[in-house]
file protein_25.tsv (TSV, N, CA and C atoms)
chain	number	residue	atom	x	y	z
A	1	MET	N	11.59	6.46	23.15
A	1	MET	CA	11.02	6.44	21.82
A	1	MET	C	10.93	7.89	21.33
A	2	GLU	N	11.26	8.09	20.07
A	2	GLU	CA	11.19	9.43	19.49
A	2	GLU	C	9.86	9.65	18.79
A	3	SER	N	9.52	10.89	18.64
A	3	SER	CA	8.28	11.27	17.99
A	3	SER	C	8.55	11.61	16.52
A	4	ILE	N	7.65	11.20	15.63
A	4	ILE	CA	7.72	11.52	14.21
A	4	ILE	C	6.39	12.17	13.85
A	5	SER	N	6.45	13.24	13.10
A	5	SER	CA	5.20	13.85	12.64
A	5	SER	C	5.26	14.06	11.13
A	6	PHE	N	4.10	14.04	10.52
A	6	PHE	CA	4.00	14.29	9.08
A	6	PHE	C	2.61	14.80	8.77
A	7	ARG	N	2.48	15.45	7.64
A	7	ARG	CA	1.18	15.95	7.20
A	7	ARG	C	0.52	14.88	6.33
A	8	ALA	N	-0.79	14.73	6.52
A	8	ALA	CA	-1.53	13.73	5.76
A	8	ALA	C	-2.86	14.32	5.30
A	9	GLU	N	-3.33	13.84	4.19
A	9	GLU	CA	-4.65	14.24	3.70
A	9	GLU	C	-5.72	13.80	4.70
A	10	LYS	N	-6.83	14.52	4.71
A	10	LYS	CA	-7.93	14.19	5.63
A	10	LYS	C	-8.40	12.75	5.46
A	11	GLU	N	-8.50	12.32	4.21
A	11	GLU	CA	-9.00	10.97	3.93
A	11	GLU	C	-8.07	9.90	4.51
A	12	LEU	N	-6.77	10.10	4.40
A	12	LEU	CA	-5.81	9.15	4.97
A	12	LEU	C	-5.97	9.08	6.48
A	13	LYS	N	-6.06	10.24	7.12
A	13	LYS	CA	-6.25	10.28	8.57
A	13	LYS	C	-7.54	9.56	8.96
A	14	LYS	N	-8.61	9.79	8.20
A	14	LYS	CA	-9.89	9.15	8.49
A	14	LYS	C	-9.77	7.62	8.36
A	15	GLN	N	-9.10	7.15	7.33
A	15	GLN	CA	-8.94	5.71	7.14
A	15	GLN	C	-8.18	5.08	8.31
A	16	ILE	N	-7.13	5.74	8.75
A	16	ILE	CA	-6.34	5.21	9.87
A	16	ILE	C	-7.15	5.25	11.15
A	17	ASP	N	-7.87	6.34	11.37
A	17	ASP	CA	-8.72	6.44	12.56
A	17	ASP	C	-9.80	5.36	12.56
A	18	ASP	N	-10.37	5.10	11.38
A	18	ASP	CA	-11.39	4.03	11.27
A	18	ASP	C	-10.79	2.67	11.61
A	19	LEU	N	-9.57	2.40	11.11
A	19	LEU	CA	-8.91	1.14	11.43
A	19	LEU	C	-8.65	1.01	12.93
A	20	ALA	N	-8.20	2.08	13.53
A	20	ALA	CA	-7.93	2.07	14.98
A	20	ALA	C	-9.21	1.75	15.75
A	21	GLN	N	-10.29	2.34	15.33
A	21	GLN	CA	-11.57	2.09	16.00
A	21	GLN	C	-12.00	0.64	15.81
A	22	LEU	N	-11.88	0.12	14.60
A	22	LEU	CA	-12.26	-1.27	14.33
A	22	LEU	C	-11.43	-2.26	15.13
A	23	GLU	N	-10.14	-1.95	15.28
A	23	GLU	CA	-9.24	-2.85	16.00
A	23	GLU	C	-9.19	-2.55	17.50
A	24	LYS	N	-9.94	-1.53	17.90
A	24	LYS	CA	-9.98	-1.12	19.30
A	24	LYS	C	-8.58	-0.80	19.84
A	25	LYS	N	-7.85	-0.03	19.03
A	25	LYS	CA	-6.50	0.41	19.39
A	25	LYS	C	-6.50	1.93	19.50
A	26	ASN	N	-5.53	2.45	20.24
A	26	ASN	CA	-5.42	3.90	20.23
A	26	ASN	C	-4.77	4.31	18.91
A	27	LYS	N	-5.00	5.55	18.53
A	27	LYS	CA	-4.54	6.03	17.22
A	27	LYS	C	-3.02	5.96	17.08
A	28	SER	N	-2.33	6.26	18.14
A	28	SER	CA	-0.87	6.25	18.09
A	28	SER	C	-0.34	4.85	17.76
A	29	ASP	N	-0.91	3.83	18.41
A	29	ASP	CA	-0.50	2.45	18.13
A	29	ASP	C	-0.83	2.05	16.70
A	30	GLU	N	-1.97	2.49	16.22
A	30	GLU	CA	-2.38	2.16	14.85
A	30	GLU	C	-1.44	2.82	13.83
A	31	TYR	N	-1.11	4.08	14.05
A	31	TYR	CA	-0.17	4.77	13.16
A	31	TYR	C	1.19	4.05	13.15
A	32	ARG	N	1.65	3.67	14.34
A	32	ARG	CA	2.95	2.99	14.46
A	32	ARG	C	2.93	1.66	13.70
A	33	GLU	N	1.86	0.89	13.88
A	33	GLU	CA	1.76	-0.41	13.20
A	33	GLU	C	1.74	-0.25	11.68
A	34	ILE	N	0.97	0.69	11.20
A	34	ILE	CA	0.89	0.93	9.75
A	34	ILE	C	2.24	1.40	9.22
A	35	PHE	N	2.90	2.26	9.96
A	35	PHE	CA	4.20	2.76	9.56
A	35	PHE	C	5.21	1.62	9.46
A	36	LEU	N	5.22	0.73	10.45
A	36	LEU	CA	6.15	-0.41	10.45
A	36	LEU	C	5.86	-1.38	9.31
A	37	LEU	N	4.58	-1.62	9.04
A	37	LEU	CA	4.22	-2.48	7.90
A	37	LEU	C	4.69	-1.86	6.60
A	38	GLY	N	4.54	-0.55	6.49
A	38	GLY	CA	4.97	0.16	5.29
A	38	GLY	C	6.47	0.10	5.08
A	39	ILE	N	7.23	0.24	6.17
A	39	ILE	CA	8.69	0.15	6.08
A	39	ILE	C	9.09	-1.24	5.59
A	40	GLY	N	8.45	-2.27	6.13
A	40	GLY	CA	8.75	-3.64	5.71
A	40	GLY	C	8.49	-3.85	4.23
A	41	GLU	N	7.36	-3.36	3.76
A	41	GLU	CA	7.03	-3.50	2.34
A	41	GLU	C	7.98	-2.69	1.46
A	42	LYS	N	8.35	-1.51	1.92
A	42	LYS	CA	9.29	-0.66	1.16
A	42	LYS	C	10.65	-1.35	1.05
A	43	ARG	N	11.12	-1.98	2.14
A	43	ARG	CA	12.40	-2.69	2.11
A	43	ARG	C	12.34	-3.85	1.12
A	44	LYS	N	11.23	-4.58	1.08
A	44	LYS	CA	11.08	-5.69	0.14
A	44	LYS	C	11.07	-5.20	-1.30
A	45	GLU	N	10.37	-4.10	-1.54
A	45	GLU	CA	10.30	-3.54	-2.88
A	45	GLU	C	11.68	-3.07	-3.35
A	46	LEU	N	12.39	-2.35	-2.49
A	46	LEU	CA	13.72	-1.86	-2.84
A	46	LEU	C	14.69	-3.03	-3.06
A	47	ALA	N	14.60	-4.05	-2.21
A	47	ALA	CA	15.45	-5.23	-2.36
A	47	ALA	C	15.20	-5.91	-3.70
A	48	SER	N	13.93	-6.03	-4.09
A	48	SER	CA	13.58	-6.64	-5.38
A	48	SER	C	14.18	-5.86	-6.53
A	49	LEU	N	14.07	-4.54	-6.46
A	49	LEU	CA	14.62	-3.69	-7.52
A	49	LEU	C	16.15	-3.80	-7.60
A	50	LYS	N	16.81	-3.78	-6.44
A	50	LYS	CA	18.27	-3.87	-6.41
A	50	LYS	C	18.74	-5.23	-6.93
A	51	TYR	N	18.01	-6.29	-6.59
A	51	TYR	CA	18.37	-7.63	-7.06
A	51	TYR	C	18.17	-7.74	-8.57
A	52	GLN	N	17.03	-7.26	-9.06
A	52	GLN	CA	16.73	-7.35	-10.49
A	52	GLN	C	17.72	-6.55	-11.33
A	53	SER	N	18.21	-5.44	-10.79
A	53	SER	CA	19.16	-4.61	-11.53
A	53	SER	C	20.57	-5.19	-11.49
A	54	GLY	N	20.78	-6.19	-10.63
A	54	GLY	CA	22.10	-6.79	-10.50
A	54	GLY	C	22.98	-6.06	-9.50
A	55	GLU	N	22.46	-5.03	-8.88
A	55	GLU	CA	23.22	-4.26	-7.91
A	55	GLU	C	23.45	-5.04	-6.61
A	56	PHE	N	22.47	-5.87	-6.23
A	56	PHE	CA	22.56	-6.68	-5.02
A	56	PHE	C	22.53	-8.16	-5.37
A	57	SER	N	23.27	-8.94	-4.60
A	57	SER	CA	23.18	-10.40	-4.72
A	57	SER	C	21.90	-10.86	-4.05
A	58	LEU	N	21.60	-12.13	-4.20
A	58	LEU	CA	20.42	-12.70	-3.56
A	58	LEU	C	20.48	-12.52	-2.04
A	59	GLY	N	21.64	-12.81	-1.47
A	59	GLY	CA	21.81	-12.67	-0.02
A	59	GLY	C	21.70	-11.24	0.45
A	60	GLN	N	22.29	-10.31	-0.30
A	60	GLN	CA	22.22	-8.89	0.07
A	60	GLN	C	20.77	-8.39	0.01
A	61	ALA	N	20.06	-8.81	-1.02
A	61	ALA	CA	18.67	-8.38	-1.17
A	61	ALA	C	17.80	-8.94	-0.05
A	62	ALA	N	18.00	-10.21	0.29
A	62	ALA	CA	17.23	-10.81	1.38
A	62	ALA	C	17.52	-10.08	2.69
A	63	GLU	N	18.77	-9.73	2.90
A	63	GLU	CA	19.15	-9.02	4.12
A	63	GLU	C	18.48	-7.64	4.17
A	64	LEU	N	18.48	-6.92	3.05
A	64	LEU	CA	17.83	-5.61	3.00
A	64	LEU	C	16.34	-5.75	3.31
A	65	ALA	N	15.73	-6.80	2.80
A	65	ALA	CA	14.30	-7.03	3.00
A	65	ALA	C	13.98	-7.58	4.40
A	66	ASN	N	15.02	-7.91	5.16
A	66	ASN	CA	14.85	-8.49	6.50
A	66	ASN	C	14.10	-9.83	6.48
A	67	ILE	N	14.39	-10.63	5.45
A	67	ILE	CA	13.79	-11.95	5.34
A	67	ILE	C	14.87	-12.95	4.94
A	68	THR	N	14.56	-14.24	5.05
A	68	THR	CA	15.52	-15.27	4.66
A	68	THR	C	15.64	-15.32	3.14
A	69	ILE	N	16.69	-15.98	2.67
A	69	ILE	CA	16.86	-16.14	1.22
A	69	ILE	C	15.68	-16.90	0.63
A	70	TRP	N	15.22	-17.94	1.31
A	70	TRP	CA	14.07	-18.71	0.82
A	70	TRP	C	12.82	-17.83	0.72
A	71	GLU	N	12.61	-16.99	1.74
A	71	GLU	CA	11.46	-16.08	1.70
A	71	GLU	C	11.61	-15.07	0.56
A	72	PHE	N	12.85	-14.64	0.31
A	72	PHE	CA	13.07	-13.69	-0.79
A	72	PHE	C	12.82	-14.38	-2.13
A	73	LEU	N	13.27	-15.63	-2.28
A	73	LEU	CA	12.99	-16.37	-3.51
A	73	LEU	C	11.48	-16.49	-3.73
A	74	HIS	N	10.75	-16.76	-2.66
A	74	HIS	CA	9.30	-16.87	-2.75
A	74	HIS	C	8.68	-15.52	-3.14
A	75	LEU	N	9.21	-14.44	-2.58
A	75	LEU	CA	8.74	-13.10	-2.93
A	75	LEU	C	8.94	-12.83	-4.42
A	76	LEU	N	10.13	-13.18	-4.93
A	76	LEU	CA	10.40	-12.99	-6.36
A	76	LEU	C	9.42	-13.79	-7.21
A	77	LYS	N	9.15	-15.01	-6.78
A	77	LYS	CA	8.20	-15.85	-7.52
A	77	LYS	C	6.80	-15.23	-7.50
A	78	GLN	N	6.37	-14.73	-6.33
A	78	GLN	CA	5.05	-14.09	-6.23
A	78	GLN	C	4.95	-12.87	-7.15
A	79	LYS	N	6.03	-12.13	-7.25
A	79	LYS	CA	6.05	-10.92	-8.09
A	79	LYS	C	6.31	-11.26	-9.56
A	80	GLU	N	6.50	-12.56	-9.83
A	80	GLU	CA	6.80	-13.04	-11.18
A	80	GLU	C	8.05	-12.39	-11.75
A	81	LEU	N	9.06	-12.23	-10.87
A	81	LEU	CA	10.36	-11.69	-11.27
A	81	LEU	C	11.34	-12.84	-11.47
A	82	SER	N	12.28	-12.66	-12.35
A	82	SER	CA	13.23	-13.73	-12.64
A	82	SER	C	14.24	-13.88	-11.51
A	83	ILE	N	14.69	-15.10	-11.36
A	83	ILE	CA	15.71	-15.44	-10.38
A	83	ILE	C	16.98	-15.70	-11.18
A	84	ASN	N	17.98	-14.89	-10.94
A	84	ASN	CA	19.19	-14.92	-11.77
A	84	ASN	C	20.23	-15.89	-11.22
A	85	LEU	N	19.85	-17.14	-11.09
A	85	LEU	CA	20.75	-18.18	-10.59
A	85	LEU	C	20.61	-19.42	-11.46
A	86	THR	N	21.69	-20.17	-11.54
A	86	THR	CA	21.59	-21.49	-12.16
A	86	THR	C	21.29	-22.49	-11.05
A	87	LYS	N	20.79	-23.64	-11.41
A	87	LYS	CA	20.52	-24.67	-10.40
A	87	LYS	C	21.81	-25.05	-9.68
A	88	ASP	N	22.92	-25.13	-10.42
A	88	ASP	CA	24.19	-25.48	-9.78
A	88	ASP	C	24.59	-24.46	-8.73
A	89	GLU	N	24.36	-23.17	-8.99
A	89	GLU	CA	24.68	-22.13	-8.01
A	89	GLU	C	23.83	-22.28	-6.76
A	90	VAL	N	22.56	-22.58	-6.96
A	90	VAL	CA	21.66	-22.77	-5.82
A	90	VAL	C	22.08	-23.99	-5.02
A	91	LEU	N	22.33	-25.11	-5.71
A	91	LEU	CA	22.74	-26.34	-5.02
A	91	LEU	C	24.04	-26.14	-4.25
A	92	LYS	N	25.00	-25.50	-4.88
A	92	LYS	CA	26.28	-25.27	-4.24
A	92	LYS	C	26.11	-24.36	-3.02
A	93	GLY	N	25.35	-23.31	-3.17
A	93	GLY	CA	25.13	-22.37	-2.08
A	93	GLY	C	24.39	-22.97	-0.91
A	94	LEU	N	23.55	-23.94	-1.16
A	94	LEU	CA	22.78	-24.56	-0.09
A	94	LEU	C	23.47	-25.81	0.46
A	95	GLY	N	24.58	-26.19	-0.11
A	95	GLY	CA	25.30	-27.36	0.36
A	95	GLY	C	24.66	-28.67	-0.05
A	96	PHE	N	23.81	-28.65	-1.07
A	96	PHE	CA	23.12	-29.86	-1.52
A	96	PHE	C	23.81	-30.48	-2.73
A	97	TYR	N	24.93	-29.93	-3.12
A	97	TYR	CA	25.55	-30.36	-4.37
A	97	TYR	C	25.81	-31.86	-4.40
A	98	GLU	N	26.27	-32.42	-3.28
A	98	GLU	CA	26.56	-33.85	-3.24
A	98	GLU	C	25.32	-34.69	-2.92
A	99	ASN	N	24.30	-34.09	-2.36
A	99	ASN	CA	23.13	-34.84	-1.93
A	99	ASN	C	21.95	-34.57	-2.86
A	100	ARG	N	21.93	-35.22	-3.97
A	100	ARG	CA	20.89	-34.99	-4.98
A	100	ARG	C	19.51	-35.45	-4.51
A	101	SER	N	19.43	-36.26	-3.44
A	101	SER	CA	18.12	-36.72	-2.97
A	101	SER	C	17.30	-35.55	-2.43
A	102	ARG	N	17.95	-34.46	-2.06
A	102	ARG	CA	17.23	-33.30	-1.55
A	102	ARG	C	16.98	-32.27	-2.66
A	103	PHE	N	17.24	-32.67	-3.89
A	103	PHE	CA	17.07	-31.81	-5.05
A	103	PHE	C	15.63	-31.35	-5.20
A	104	CYS	N	14.70	-32.09	-4.64
A	104	CYS	CA	13.29	-31.76	-4.79
A	104	CYS	C	12.96	-30.38	-4.22
A	105	LEU	N	13.77	-29.85	-3.33
A	105	LEU	CA	13.52	-28.52	-2.79
A	105	LEU	C	13.56	-27.46	-3.88
A	106	LEU	N	14.29	-27.73	-4.94
A	106	LEU	CA	14.40	-26.74	-6.01
A	106	LEU	C	13.25	-26.81	-7.01
A	107	ASN	N	12.53	-27.91	-7.02
A	107	ASN	CA	11.49	-28.07	-8.02
A	107	ASN	C	10.46	-26.96	-7.97
A	108	PHE	N	10.13	-26.51	-6.76
A	108	PHE	CA	9.15	-25.44	-6.62
A	108	PHE	C	9.59	-24.19	-7.35
A	109	TYR	N	10.89	-23.89	-7.30
A	109	TYR	CA	11.41	-22.67	-7.89
A	109	TYR	C	11.86	-22.83	-9.34
A	110	SER	N	12.13	-24.05	-9.75
A	110	SER	CA	12.68	-24.24	-11.09
A	110	SER	C	11.61	-24.12	-12.17
A	111	LYS	N	10.37	-24.35	-11.81
A	111	LYS	CA	9.28	-24.26	-12.81
A	111	LYS	C	8.80	-22.82	-12.88
A	112	ASN	N	8.95	-22.21	-14.04
A	112	ASN	CA	8.47	-20.86	-14.30
A	112	ASN	C	9.06	-19.80	-13.38
A	113	SER	N	10.26	-20.02	-12.86
A	113	SER	CA	10.82	-19.04	-11.94
A	113	SER	C	12.01	-18.30	-12.51
A	114	GLY	N	12.50	-18.74	-13.64
A	114	GLY	CA	13.64	-18.07	-14.23
A	114	GLY	C	14.97	-18.73	-13.90
A	115	ILE	N	14.97	-19.82	-13.12
A	115	ILE	CA	16.21	-20.52	-12.84
A	115	ILE	C	16.63	-21.23	-14.12
A	116	LYS	N	17.85	-21.01	-14.53
A	116	LYS	CA	18.35	-21.59	-15.78
A	116	LYS	C	18.80	-23.03	-15.57
A	117	LYS	N	18.46	-23.88	-16.49
A	117	LYS	CA	18.92	-25.27	-16.42
A	117	LYS	C	20.36	-25.35	-16.88
A	118	THR	N	21.16	-26.16	-16.16
A	118	THR	CA	22.56	-26.31	-16.55
A	118	THR	C	22.84	-27.75	-16.89

call {"tool": "encode", "arguments": {"input": "protein_25.tsv", "output": "structure tokens"}}
result
Amino acid sequence: MESISFRAEKELKKQIDDLAQLEKKNKSDEYREIFLLGIGEKRKELASLKYQSGEFSLGQAAELANITIWEFLHLLKQKELSINLTKDEVLKGLGFYENRSRFCLLNFYSKNSGIKKT
């Protein structure tokens, strides 16, 4: 494992030290956990921006965020961002095009999510 160092304000250091004490963890483990959580959130944020700008497809953005496409769709919905897909594109991509009985999976995303009706 490699070492990473950075400068931080006293207040930030105190907050992390307080968390480590509350969780009964050593400071190094607490810093590592916070850093990893931050990287995950940063990847999701960047993926959302790249998807919204049209630079990344849905699959590319989900991959950047290290989550499934369904999880990425849910993330977009939570952030109240538009989903730039038609229902037919979603159905075709999921292999449900011929099986309309499973169409109910889209209902969650079709209401107020930005999916265009075709």

call {"tool": "closest_residue", "arguments": {"input": "protein_25.tsv", "among": "A:Asp17, A:Ser53, A:Arg7, A:Leu85", "to": "Tyr31 (chain A)", "atoms": "all atoms listed in the file"}}
result
A:Asp17

call {"tool": "atom_distance", "arguments": {"input": "protein_25.tsv", "atom1": "CA of Lys87 (chain A)", "atom2": "atom C of Gln60 (chain A)"}}
result
19.3 Å

call {"tool": "atom_distance", "arguments": {"input": "protein_25.tsv", "atom1": "CA of Glu11 (chain A)", "atom2": "CA of Gly40 (chain A)"}}
result
23.1 Å

call {"tool": "closest_residue", "arguments": {"input": "protein_25.tsv", "among": "A:Leu12, A:Ala61, A:Leu19, A:Leu36", "to": "Leu49 (chain A)", "atoms": "all atoms listed in the file"}}
result
A:Ala61

call {"tool": "axis_aligned_box", "arguments": {"input": "protein_25.tsv", "around": "region 76-86 of chain A", "padding_each_side": "5 Å", "output": "AutoDock Vina command-line options"}}
result
--center_x 13.3 --center_y -16.7 --center_z -8.8 --size_x 26.7 --size_y 21.6 --size_z 17.7

call {"tool": "atom_distance", "arguments": {"input": "protein_25.tsv", "atom1": "CA of Ser28 (chain A)", "atom2": "CA of Lys42 (chain A)"}}
result
20.9 Å

call {"tool": "closest_residue", "arguments": {"input": "protein_25.tsv", "among": "A:Ser82, A:Gln15, A:Ser3, A:Gln21", "to": "Tyr51 (chain A)", "atoms": "all atoms listed in the file"}}
result
A:Ser82
